[in-house]
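J.: My structure file entry_30.tsv, TSV, N, CA, C and O atoms, is below:
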```tsv
chain	number	residue	atom	x	y	z
A	1	MET	N	103.11	74.54	140.19
A	1	MET	CA	101.69	74.69	140.45
A	1	MET	C	101.29	73.76	141.60
A	1	MET	O	101.63	72.58	141.59
A	2	GLN	N	100.61	74.30	142.57
A	2	GLN	CA	100.16	73.51	143.71
A	2	GLN	C	98.66	73.31	143.64
A	2	GLN	O	97.90	74.26	143.51
A	3	VAL	N	98.27	72.05	143.72
A	3	VAL	CA	96.85	71.69	143.68
A	3	VAL	C	96.46	71.17	145.06
A	3	VAL	O	97.19	70.37	145.65
A	4	PRO	N	95.33	71.63	145.60
A	4	PRO	CA	94.90	71.11	146.90
A	4	PRO	C	94.65	69.60	146.82
A	4	PRO	O	94.22	69.08	145.79
A	5	LEU	N	94.93	68.93	147.92
A	5	LEU	CA	94.77	67.47	147.97
A	5	LEU	C	93.34	67.05	147.70
A	5	LEU	O	93.10	66.09	146.98
A	6	TRP	N	92.38	67.76	148.26
A	6	TRP	CA	90.98	67.38	148.08
A	6	TRP	C	90.57	67.47	146.61
A	6	TRP	O	89.81	66.64	146.14
A	7	LEU	N	91.10	68.45	145.89
A	7	LEU	CA	90.77	68.58	144.48
A	7	LEU	C	91.40	67.45	143.65
A	7	LEU	O	90.76	66.87	142.78
A	8	ALA	N	92.64	67.12	143.97
A	8	ALA	CA	93.31	66.02	143.27
A	8	ALA	C	92.58	64.70	143.53
A	8	ALA	O	92.42	63.89	142.60
A	9	LEU	N	92.14	64.48	144.75
A	9	LEU	CA	91.42	63.24	145.07
A	9	LEU	C	90.07	63.16	144.34
A	9	LEU	O	89.68	62.09	143.87
A	10	ILE	N	89.39	64.28	144.23
A	10	ILE	CA	88.11	64.29	143.52
A	10	ILE	C	88.33	63.99	142.04
A	10	ILE	O	87.59	63.18	141.45
A	11	VAL	N	89.35	64.58	141.44
A	11	VAL	CA	89.61	64.35	140.02
A	11	VAL	C	90.02	62.91	139.77
A	11	VAL	O	89.49	62.24	138.87
A	12	VAL	N	90.95	62.40	140.56
A	12	VAL	CA	91.41	61.02	140.38
A	12	VAL	C	90.28	60.03	140.68
A	12	VAL	O	90.10	59.04	139.96
A	13	GLY	N	89.50	60.30	141.69
A	13	GLY	CA	88.38	59.42	142.03
A	13	GLY	C	87.32	59.39	140.95
A	13	GLY	O	86.81	58.33	140.59
A	14	SER	N	87.00	60.56	140.40
A	14	SER	CA	85.97	60.58	139.35
A	14	SER	C	86.46	59.90	138.08
A	14	SER	O	85.70	59.21	137.41
A	15	LEU	N	87.74	60.08	137.74
A	15	LEU	CA	88.29	59.37	136.58
A	15	LEU	C	88.29	57.87	136.80
A	15	LEU	O	87.99	57.10	135.89
A	16	GLY	N	88.65	57.44	138.02
A	16	GLY	CA	88.64	56.01	138.33
A	16	GLY	C	87.26	55.40	138.24
A	16	GLY	O	87.08	54.31	137.72
A	17	VAL	N	86.26	56.13	138.73
A	17	VAL	CA	84.89	55.62	138.68
A	17	VAL	C	84.41	55.56	137.23
A	17	VAL	O	83.73	54.61	136.83
A	18	LYS	N	84.78	56.56	136.42
A	18	LYS	CA	84.35	56.55	135.01
A	18	LYS	C	85.03	55.45	134.21
A	18	LYS	O	84.42	54.80	133.38
A	19	LEU	N	86.33	55.22	134.46
A	19	LEU	CA	87.08	54.27	133.65
A	19	LEU	C	86.90	52.82	134.11
A	19	LEU	O	86.77	51.91	133.30
A	20	ILE	N	86.93	52.60	135.42
A	20	ILE	CA	86.89	51.23	135.94
A	20	ILE	C	85.46	50.76	136.21
A	20	ILE	O	85.17	49.58	136.14
A	21	ARG	N	84.58	51.68	136.52
A	21	ARG	CA	83.17	51.39	136.82
A	21	ARG	C	82.98	50.40	137.97
A	21	ARG	O	82.33	49.36	137.81
A	22	PRO	N	83.54	50.72	139.16
A	22	PRO	CA	83.26	49.83	140.31
A	22	PRO	C	81.84	50.08	140.83
A	22	PRO	O	81.25	51.13	140.55
A	23	PRO	N	81.30	49.15	141.57
A	23	PRO	CA	79.97	49.38	142.17
A	23	PRO	C	80.03	50.54	143.17
A	23	PRO	O	81.04	50.73	143.85
A	24	TRP	N	78.95	51.30	143.25
A	24	TRP	CA	78.95	52.46	144.14
A	24	TRP	C	79.07	52.07	145.61
A	24	TRP	O	79.63	52.81	146.40
A	25	TRP	N	78.56	50.89	145.98
A	25	TRP	CA	78.68	50.48	147.38
A	25	TRP	C	80.14	50.24	147.74
A	25	TRP	O	80.57	50.50	148.86
A	26	LEU	N	80.93	49.76	146.78
A	26	LEU	CA	82.36	49.54	147.03
A	26	LEU	C	83.09	50.86	147.22
A	26	LEU	O	83.95	50.99	148.11
A	27	VAL	N	82.74	51.84	146.43
A	27	VAL	CA	83.34	53.17	146.58
A	27	VAL	C	82.99	53.75	147.94
A	27	VAL	O	83.85	54.29	148.65
A	28	ALA	N	81.73	53.62	148.35
A	28	ALA	CA	81.29	54.15	149.64
A	28	ALA	C	81.98	53.44	150.80
A	28	ALA	O	82.41	54.07	151.77
A	29	VAL	N	82.14	52.12	150.70
A	29	VAL	CA	82.80	51.36	151.77
A	29	VAL	C	84.27	51.76	151.88
A	29	VAL	O	84.79	51.93	152.98
A	30	LEU	N	84.94	51.92	150.75
A	30	LEU	CA	86.35	52.32	150.78
A	30	LEU	C	86.53	53.72	151.35
A	30	LEU	O	87.45	53.97	152.15
A	31	LEU	N	85.67	54.65	150.96
A	31	LEU	CA	85.78	56.02	151.49
A	31	LEU	C	85.49	56.06	152.99
A	31	LEU	O	86.22	56.68	153.76
A	32	LEU	N	84.41	55.39	153.41
A	32	LEU	CA	84.06	55.40	154.82
A	32	LEU	C	85.09	54.65	155.65
A	32	LEU	O	85.48	55.09	156.74
A	33	GLY	N	85.58	53.52	155.13
A	33	GLY	CA	86.60	52.76	155.85
A	33	GLY	C	87.90	53.54	155.99
A	33	GLY	O	88.54	53.52	157.04
A	34	GLY	N	88.31	54.22	154.93
A	34	GLY	CA	89.52	55.04	155.01
A	34	GLY	C	89.38	56.18	155.99
A	34	GLY	O	90.30	56.50	156.74
A	35	TYR	N	88.20	56.80	156.01
A	35	TYR	CA	87.96	57.89	156.94
A	35	TYR	C	87.98	57.40	158.39
A	35	TYR	O	88.58	58.03	159.26
A	36	LEU	N	87.36	56.26	158.62
A	36	LEU	CA	87.34	55.72	159.98
A	36	LEU	C	88.71	55.23	160.43
A	36	LEU	O	89.08	55.38	161.60
A	37	LEU	N	89.48	54.64	159.52
A	37	LEU	CA	90.82	54.18	159.88
A	37	LEU	C	91.77	55.34	160.17
A	37	LEU	O	92.64	55.24	161.01
A	38	ALA	N	91.58	56.45	159.47
A	38	ALA	CA	92.46	57.60	159.68
A	38	ALA	C	92.25	58.21	161.05
A	38	ALA	O	93.16	58.87	161.58
A	39	ASP	N	91.09	58.00	161.64
A	39	ASP	CA	90.79	58.59	162.94
A	39	ASP	C	90.79	57.54	164.05
A	39	ASP	O	90.28	57.78	165.12
A	40	SER	N	91.39	56.37	163.80
A	40	SER	CA	91.35	55.30	164.79
A	40	SER	C	92.71	55.16	165.49
A	40	SER	O	93.65	55.90	165.21
A	41	LEU	N	92.79	54.17	166.36
A	41	LEU	CA	94.04	53.89	167.06
A	41	LEU	C	95.08	53.28	166.13
A	41	LEU	O	96.27	53.27	166.44
A	42	LEU	N	94.65	52.75	165.00
A	42	LEU	CA	95.56	52.13	164.05
A	42	LEU	C	96.25	53.14	163.13
A	42	LEU	O	97.11	52.76	162.34
A	43	ALA	N	95.87	54.40	163.22
A	43	ALA	CA	96.44	55.40	162.33
A	43	ALA	C	97.97	55.50	162.42
A	43	ALA	O	98.64	55.55	161.38
A	44	PRO	N	98.58	55.52	163.62
A	44	PRO	CA	100.05	55.57	163.66
A	44	PRO	C	100.71	54.33	163.05
A	44	PRO	O	101.75	54.43	162.39
A	45	VAL	N	100.10	53.18	163.22
A	45	VAL	CA	100.65	51.95	162.65
A	45	VAL	C	100.58	52.00	161.12
A	45	VAL	O	101.53	51.67	160.43
A	46	LEU	N	99.44	52.45	160.60
A	46	LEU	CA	99.29	52.57	159.17
A	46	LEU	C	100.22	53.63	158.60
A	46	LEU	O	100.75	53.48	157.49
A	47	ASP	N	100.44	54.70	159.35
A	47	ASP	CA	101.31	55.78	158.88
A	47	ASP	C	102.75	55.28	158.74
A	47	ASP	O	103.42	55.57	157.74
A	48	THR	N	103.23	54.51	159.70
A	48	THR	CA	104.60	53.97	159.59
A	48	THR	C	104.69	52.90	158.51
A	48	THR	O	105.71	52.79	157.86
A	49	ALA	N	103.61	52.14	158.30
A	49	ALA	CA	103.63	51.12	157.25
A	49	ALA	C	103.65	51.73	155.87
A	49	ALA	O	104.30	51.23	154.95
A	50	VAL	N	102.96	52.85	155.70
A	50	VAL	CA	102.90	53.50	154.40
A	50	VAL	C	104.22	54.20	154.07
A	50	VAL	O	104.67	54.19	152.94
A	51	LYS	N	104.83	54.78	155.09
A	51	LYS	CA	106.10	55.47	154.87
A	51	LYS	C	107.18	54.46	154.73
A	51	LYS	O	108.05	54.37	154.10
```
Could you render the structure as structure tokens?
T.:
Amino acid sequence: MQVPLWLALIVVGSLGVKLIRPPWWLVAVLLLGGYLLADSLLAPVLDTAVK
């Protein structure tokens, strides 16, 4: 069974927010920061570090 990545992220994110209860500003900062880092000049460096 193949699940789209966006659906898996929504499910895992909603479970994490329900179980851990982080502040909403922290969730927003992490999402926005990840989006901005993925489209920046640091993306290739982060990609090699993660792999």
J.: Anything within 12 Å of (93.2, 55.0, 154.1): list those residues as a PDB file with N, CA, C and O atoms, keeping the file's coordinate frame, counting only C-alpha atoms and sticking to the file's coordinates.
T.:
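Resulting contents of selection21.pdb:
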```pdb
ATOM      1  N   VAL A  29      82.140  52.120 150.700  1.00  0.00           N
ATOM      2  CA  VAL A  29      82.800  51.360 151.770  1.00  0.00           C
ATOM      3  C   VAL A  29      84.270  51.760 151.880  1.00  0.00           C
ATOM      4  O   VAL A  29      84.790  51.930 152.980  1.00  0.00           O
ATOM      5  N   LEU A  30      84.940  51.920 150.750  1.00  0.00           N
ATOM      6  CA  LEU A  30      86.350  52.320 150.780  1.00  0.00           C
ATOM      7  C   LEU A  30      86.530  53.720 151.350  1.00  0.00           C
ATOM      8  O   LEU A  30      87.450  53.970 152.150  1.00  0.00           O
ATOM      9  N   LEU A  31      85.670  54.650 150.960  1.00  0.00           N
ATOM     10  CA  LEU A  31      85.780  56.020 151.490  1.00  0.00           C
ATOM     11  C   LEU A  31      85.490  56.060 152.990  1.00  0.00           C
ATOM     12  O   LEU A  31      86.220  56.680 153.760  1.00  0.00           O
ATOM     13  N   LEU A  32      84.410  55.390 153.410  1.00  0.00           N
ATOM     14  CA  LEU A  32      84.060  55.400 154.820  1.00  0.00           C
ATOM     15  C   LEU A  32      85.090  54.650 155.650  1.00  0.00           C
ATOM     16  O   LEU A  32      85.480  55.090 156.740  1.00  0.00           O
ATOM     17  N   GLY A  33      85.580  53.520 155.130  1.00  0.00           N
ATOM     18  CA  GLY A  33      86.600  52.760 155.850  1.00  0.00           C
ATOM     19  C   GLY A  33      87.900  53.540 155.990  1.00  0.00           C
ATOM     20  O   GLY A  33      88.540  53.520 157.040  1.00  0.00           O
ATOM     21  N   GLY A  34      88.310  54.220 154.930  1.00  0.00           N
ATOM     22  CA  GLY A  34      89.520  55.040 155.010  1.00  0.00           C
ATOM     23  C   GLY A  34      89.380  56.180 155.990  1.00  0.00           C
ATOM     24  O   GLY A  34      90.300  56.500 156.740  1.00  0.00           O
ATOM     25  N   TYR A  35      88.200  56.800 156.010  1.00  0.00           N
ATOM     26  CA  TYR A  35      87.960  57.890 156.940  1.00  0.00           C
ATOM     27  C   TYR A  35      87.980  57.400 158.390  1.00  0.00           C
ATOM     28  O   TYR A  35      88.580  58.030 159.260  1.00  0.00           O
ATOM     29  N   LEU A  36      87.360  56.260 158.620  1.00  0.00           N
ATOM     30  CA  LEU A  36      87.340  55.720 159.980  1.00  0.00           C
ATOM     31  C   LEU A  36      88.710  55.230 160.430  1.00  0.00           C
ATOM     32  O   LEU A  36      89.080  55.380 161.600  1.00  0.00           O
ATOM     33  N   LEU A  37      89.480  54.640 159.520  1.00  0.00           N
ATOM     34  CA  LEU A  37      90.820  54.180 159.880  1.00  0.00           C
ATOM     35  C   LEU A  37      91.770  55.340 160.170  1.00  0.00           C
ATOM     36  O   LEU A  37      92.640  55.240 161.010  1.00  0.00           O
ATOM     37  N   ALA A  38      91.580  56.450 159.470  1.00  0.00           N
ATOM     38  CA  ALA A  38      92.460  57.600 159.680  1.00  0.00           C
ATOM     39  C   ALA A  38      92.250  58.210 161.050  1.00  0.00           C
ATOM     40  O   ALA A  38      93.160  58.870 161.580  1.00  0.00           O
ATOM     41  N   ASP A  39      91.090  58.000 161.640  1.00  0.00           N
ATOM     42  CA  ASP A  39      90.790  58.590 162.940  1.00  0.00           C
ATOM     43  C   ASP A  39      90.790  57.540 164.050  1.00  0.00           C
ATOM     44  O   ASP A  39      90.280  57.780 165.120  1.00  0.00           O
ATOM     45  N   SER A  40      91.390  56.370 163.800  1.00  0.00           N
ATOM     46  CA  SER A  40      91.350  55.300 164.790  1.00  0.00           C
ATOM     47  C   SER A  40      92.710  55.160 165.490  1.00  0.00           C
ATOM     48  O   SER A  40      93.650  55.900 165.210  1.00  0.00           O
ATOM     49  N   LEU A  42      94.650  52.750 165.000  1.00  0.00           N
ATOM     50  CA  LEU A  42      95.560  52.130 164.050  1.00  0.00           C
ATOM     51  C   LEU A  42      96.250  53.140 163.130  1.00  0.00           C
ATOM     52  O   LEU A  42      97.110  52.760 162.340  1.00  0.00           O
ATOM     53  N   ALA A  43      95.870  54.400 163.220  1.00  0.00           N
ATOM     54  CA  ALA A  43      96.440  55.400 162.330  1.00  0.00           C
ATOM     55  C   ALA A  43      97.970  55.500 162.420  1.00  0.00           C
ATOM     56  O   ALA A  43      98.640  55.550 161.380  1.00  0.00           O
ATOM     57  N   PRO A  44      98.580  55.520 163.620  1.00  0.00           N
ATOM     58  CA  PRO A  44     100.050  55.570 163.660  1.00  0.00           C
ATOM     59  C   PRO A  44     100.710  54.330 163.050  1.00  0.00           C
ATOM     60  O   PRO A  44     101.750  54.430 162.390  1.00  0.00           O
ATOM     61  N   VAL A  45     100.100  53.180 163.220  1.00  0.00           N
ATOM     62  CA  VAL A  45     100.650  51.950 162.650  1.00  0.00           C
ATOM     63  C   VAL A  45     100.580  52.000 161.120  1.00  0.00           C
ATOM     64  O   VAL A  45     101.530  51.670 160.430  1.00  0.00           O
ATOM     65  N   LEU A  46      99.440  52.450 160.600  1.00  0.00           N
ATOM     66  CA  LEU A  46      99.290  52.570 159.170  1.00  0.00           C
ATOM     67  C   LEU A  46     100.220  53.630 158.600  1.00  0.00           C
ATOM     68  O   LEU A  46     100.750  53.480 157.490  1.00  0.00           O
ATOM     69  N   ASP A  47     100.440  54.700 159.350  1.00  0.00           N
ATOM     70  CA  ASP A  47     101.310  55.780 158.880  1.00  0.00           C
ATOM     71  C   ASP A  47     102.750  55.280 158.740  1.00  0.00           C
ATOM     72  O   ASP A  47     103.420  55.570 157.740  1.00  0.00           O
ATOM     73  N   ALA A  49     103.610  52.140 158.300  1.00  0.00           N
ATOM     74  CA  ALA A  49     103.630  51.120 157.250  1.00  0.00           C
ATOM     75  C   ALA A  49     103.650  51.730 155.870  1.00  0.00           C
ATOM     76  O   ALA A  49     104.300  51.230 154.950  1.00  0.00           O
ATOM     77  N   VAL A  50     102.960  52.850 155.700  1.00  0.00           N
ATOM     78  CA  VAL A  50     102.900  53.500 154.400  1.00  0.00           C
ATOM     79  C   VAL A  50     104.220  54.200 154.070  1.00  0.00           C
ATOM     80  O   VAL A  50     104.670  54.190 152.940  1.00  0.00           O
TER      81      VAL A  50
END
```
J.: Could you please determine the separation between CA of Lys51 (chain A) and CA of Pro22 (chain A) in Å, to one decimal place?
T.: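 Distance reported for this atom pair: 27.7 Å.
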J.: Going by DSSP on the backbone, which bits of chain A are alpha helix (DSSP H)? Write them as a PyMOL selection string, please.
T.: chain A and resi 5-20+24-38+43-50
J.: Expressed in Å to a single decimal, how great is the separation between atom O of Ala28 (chain A) and atom O of Gln2 (chain A)?
T.: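 Pair atom O of Ala28 (chain A) / atom O of Gln2 (chain A) returns 26.8 Å.
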J.: Any idea what the distance is between atom C of Val3 (chain A) and atom C of Leu15 (chain A)?
T.: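 Atom C of Leu15 (chain A) lies at a distance of 17.7 Å from atom C of Val3 (chain A).
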J.: Using the file's own x, y and z axes, so that the box edges lie along x, y and z, what centre and edge lengths in Å (one decimal) does a box around every listed atom of region 21-31 of chain A get when 5 Å is added on each side? Give it as JSON.
T.:
```
{"center_x": 83.0, "center_y": 52.9, "center_z": 145.1, "size_x": 18.9, "size_y": 17.5, "size_z": 27.2}
```
J.: Can you sort out region 24-35 of chain A so it carries all heavy atoms, written as a PDB file, keeping the file's coordinate frame?
T.:
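Below is the file that was written, rebuild-v1.pdb:
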```pdb
ATOM      1  N   TRP A  24      78.950  51.300 143.250  1.00  0.00           N
ATOM      2  CA  TRP A  24      78.950  52.460 144.140  1.00  0.00           C
ATOM      3  C   TRP A  24      79.070  52.070 145.610  1.00  0.00           C
ATOM      4  O   TRP A  24      79.630  52.810 146.400  1.00  0.00           O
ATOM      5  CB  TRP A  24      77.684  53.291 143.908  1.00  0.00           C
ATOM      6  CG  TRP A  24      77.808  54.096 142.662  1.00  0.00           C
ATOM      7  CD1 TRP A  24      77.211  53.842 141.472  1.00  0.00           C
ATOM      8  CD2 TRP A  24      78.621  55.249 142.468  1.00  0.00           C
ATOM      9  NE1 TRP A  24      77.597  54.781 140.553  1.00  0.00           N
ATOM     10  CE2 TRP A  24      78.466  55.656 141.134  1.00  0.00           C
ATOM     11  CE3 TRP A  24      79.463  55.984 143.286  1.00  0.00           C
ATOM     12  CZ2 TRP A  24      79.110  56.762 140.603  1.00  0.00           C
ATOM     13  CZ3 TRP A  24      80.121  57.087 142.757  1.00  0.00           C
ATOM     14  CH2 TRP A  24      79.939  57.465 141.437  1.00  0.00           C
ATOM     15  N   TRP A  25      78.560  50.890 145.980  1.00  0.00           N
ATOM     16  CA  TRP A  25      78.680  50.480 147.380  1.00  0.00           C
ATOM     17  C   TRP A  25      80.140  50.240 147.740  1.00  0.00           C
ATOM     18  O   TRP A  25      80.570  50.500 148.860  1.00  0.00           O
ATOM     19  CB  TRP A  25      77.829  49.252 147.666  1.00  0.00           C
ATOM     20  CG  TRP A  25      78.221  48.027 146.896  1.00  0.00           C
ATOM     21  CD1 TRP A  25      77.702  47.612 145.723  1.00  0.00           C
ATOM     22  CD2 TRP A  25      79.242  47.087 147.242  1.00  0.00           C
ATOM     23  NE1 TRP A  25      78.325  46.459 145.311  1.00  0.00           N
ATOM     24  CE2 TRP A  25      79.280  46.120 146.221  1.00  0.00           C
ATOM     25  CE3 TRP A  25      80.129  46.959 148.306  1.00  0.00           C
ATOM     26  CZ2 TRP A  25      80.163  45.048 146.242  1.00  0.00           C
ATOM     27  CZ3 TRP A  25      81.005  45.884 148.318  1.00  0.00           C
ATOM     28  CH2 TRP A  25      81.017  44.947 147.307  1.00  0.00           C
ATOM     29  N   LEU A  26      80.930  49.760 146.780  1.00  0.00           N
ATOM     30  CA  LEU A  26      82.360  49.540 147.030  1.00  0.00           C
ATOM     31  C   LEU A  26      83.090  50.860 147.220  1.00  0.00           C
ATOM     32  O   LEU A  26      83.950  50.990 148.110  1.00  0.00           O
ATOM     33  CB  LEU A  26      82.970  48.739 145.887  1.00  0.00           C
ATOM     34  CG  LEU A  26      84.456  48.389 146.005  1.00  0.00           C
ATOM     35  CD1 LEU A  26      84.705  47.534 147.230  1.00  0.00           C
ATOM     36  CD2 LEU A  26      84.926  47.690 144.754  1.00  0.00           C
ATOM     37  N   VAL A  27      82.740  51.840 146.430  1.00  0.00           N
ATOM     38  CA  VAL A  27      83.340  53.170 146.580  1.00  0.00           C
ATOM     39  C   VAL A  27      82.990  53.750 147.940  1.00  0.00           C
ATOM     40  O   VAL A  27      83.850  54.290 148.650  1.00  0.00           O
ATOM     41  CB  VAL A  27      82.869  54.108 145.447  1.00  0.00           C
ATOM     42  CG1 VAL A  27      83.353  55.524 145.667  1.00  0.00           C
ATOM     43  CG2 VAL A  27      83.333  53.587 144.095  1.00  0.00           C
ATOM     44  N   ALA A  28      81.730  53.620 148.350  1.00  0.00           N
ATOM     45  CA  ALA A  28      81.290  54.150 149.640  1.00  0.00           C
ATOM     46  C   ALA A  28      81.980  53.440 150.800  1.00  0.00           C
ATOM     47  O   ALA A  28      82.410  54.070 151.770  1.00  0.00           O
ATOM     48  CB  ALA A  28      79.785  54.025 149.772  1.00  0.00           C
ATOM     49  N   VAL A  29      82.140  52.120 150.700  1.00  0.00           N
ATOM     50  CA  VAL A  29      82.800  51.360 151.770  1.00  0.00           C
ATOM     51  C   VAL A  29      84.270  51.760 151.880  1.00  0.00           C
ATOM     52  O   VAL A  29      84.790  51.930 152.980  1.00  0.00           O
ATOM     53  CB  VAL A  29      82.647  49.847 151.518  1.00  0.00           C
ATOM     54  CG1 VAL A  29      83.601  49.034 152.371  1.00  0.00           C
ATOM     55  CG2 VAL A  29      81.228  49.419 151.774  1.00  0.00           C
ATOM     56  N   LEU A  30      84.940  51.920 150.750  1.00  0.00           N
ATOM     57  CA  LEU A  30      86.350  52.320 150.780  1.00  0.00           C
ATOM     58  C   LEU A  30      86.530  53.720 151.350  1.00  0.00           C
ATOM     59  O   LEU A  30      87.450  53.970 152.150  1.00  0.00           O
ATOM     60  CB  LEU A  30      86.957  52.242 149.383  1.00  0.00           C
ATOM     61  CG  LEU A  30      87.179  50.836 148.836  1.00  0.00           C
ATOM     62  CD1 LEU A  30      87.652  50.906 147.396  1.00  0.00           C
ATOM     63  CD2 LEU A  30      88.167  50.080 149.691  1.00  0.00           C
ATOM     64  N   LEU A  31      85.670  54.650 150.960  1.00  0.00           N
ATOM     65  CA  LEU A  31      85.780  56.020 151.490  1.00  0.00           C
ATOM     66  C   LEU A  31      85.490  56.060 152.990  1.00  0.00           C
ATOM     67  O   LEU A  31      86.220  56.680 153.760  1.00  0.00           O
ATOM     68  CB  LEU A  31      84.817  56.940 150.744  1.00  0.00           C
ATOM     69  CG  LEU A  31      85.212  57.296 149.323  1.00  0.00           C
ATOM     70  CD1 LEU A  31      84.102  58.089 148.661  1.00  0.00           C
ATOM     71  CD2 LEU A  31      86.505  58.068 149.308  1.00  0.00           C
ATOM     72  N   LEU A  32      84.410  55.390 153.410  1.00  0.00           N
ATOM     73  CA  LEU A  32      84.060  55.400 154.820  1.00  0.00           C
ATOM     74  C   LEU A  32      85.090  54.650 155.650  1.00  0.00           C
ATOM     75  O   LEU A  32      85.480  55.090 156.740  1.00  0.00           O
ATOM     76  CB  LEU A  32      82.674  54.772 155.009  1.00  0.00           C
ATOM     77  CG  LEU A  32      82.129  54.780 156.430  1.00  0.00           C
ATOM     78  CD1 LEU A  32      81.958  56.207 156.912  1.00  0.00           C
ATOM     79  CD2 LEU A  32      80.818  54.036 156.482  1.00  0.00           C
ATOM     80  N   GLY A  33      85.580  53.520 155.130  1.00  0.00           N
ATOM     81  CA  GLY A  33      86.600  52.760 155.850  1.00  0.00           C
ATOM     82  C   GLY A  33      87.900  53.540 155.990  1.00  0.00           C
ATOM     83  O   GLY A  33      88.540  53.520 157.040  1.00  0.00           O
ATOM     84  N   GLY A  34      88.310  54.220 154.930  1.00  0.00           N
ATOM     85  CA  GLY A  34      89.520  55.040 155.010  1.00  0.00           C
ATOM     86  C   GLY A  34      89.380  56.180 155.990  1.00  0.00           C
ATOM     87  O   GLY A  34      90.300  56.500 156.740  1.00  0.00           O
ATOM     88  N   TYR A  35      88.200  56.800 156.010  1.00  0.00           N
ATOM     89  CA  TYR A  35      87.960  57.890 156.940  1.00  0.00           C
ATOM     90  C   TYR A  35      87.980  57.400 158.390  1.00  0.00           C
ATOM     91  O   TYR A  35      88.580  58.030 159.260  1.00  0.00           O
ATOM     92  CB  TYR A  35      86.602  58.537 156.631  1.00  0.00           C
ATOM     93  CG  TYR A  35      86.225  59.625 157.589  1.00  0.00           C
ATOM     94  CD1 TYR A  35      86.819  60.869 157.533  1.00  0.00           C
ATOM     95  CD2 TYR A  35      85.260  59.395 158.573  1.00  0.00           C
ATOM     96  CE1 TYR A  35      86.471  61.860 158.416  1.00  0.00           C
ATOM     97  CE2 TYR A  35      84.902  60.382 159.455  1.00  0.00           C
ATOM     98  CZ  TYR A  35      85.502  61.621 159.375  1.00  0.00           C
ATOM     99  OH  TYR A  35      85.157  62.596 160.268  1.00  0.00           O
TER     100      TYR A  35
END
```
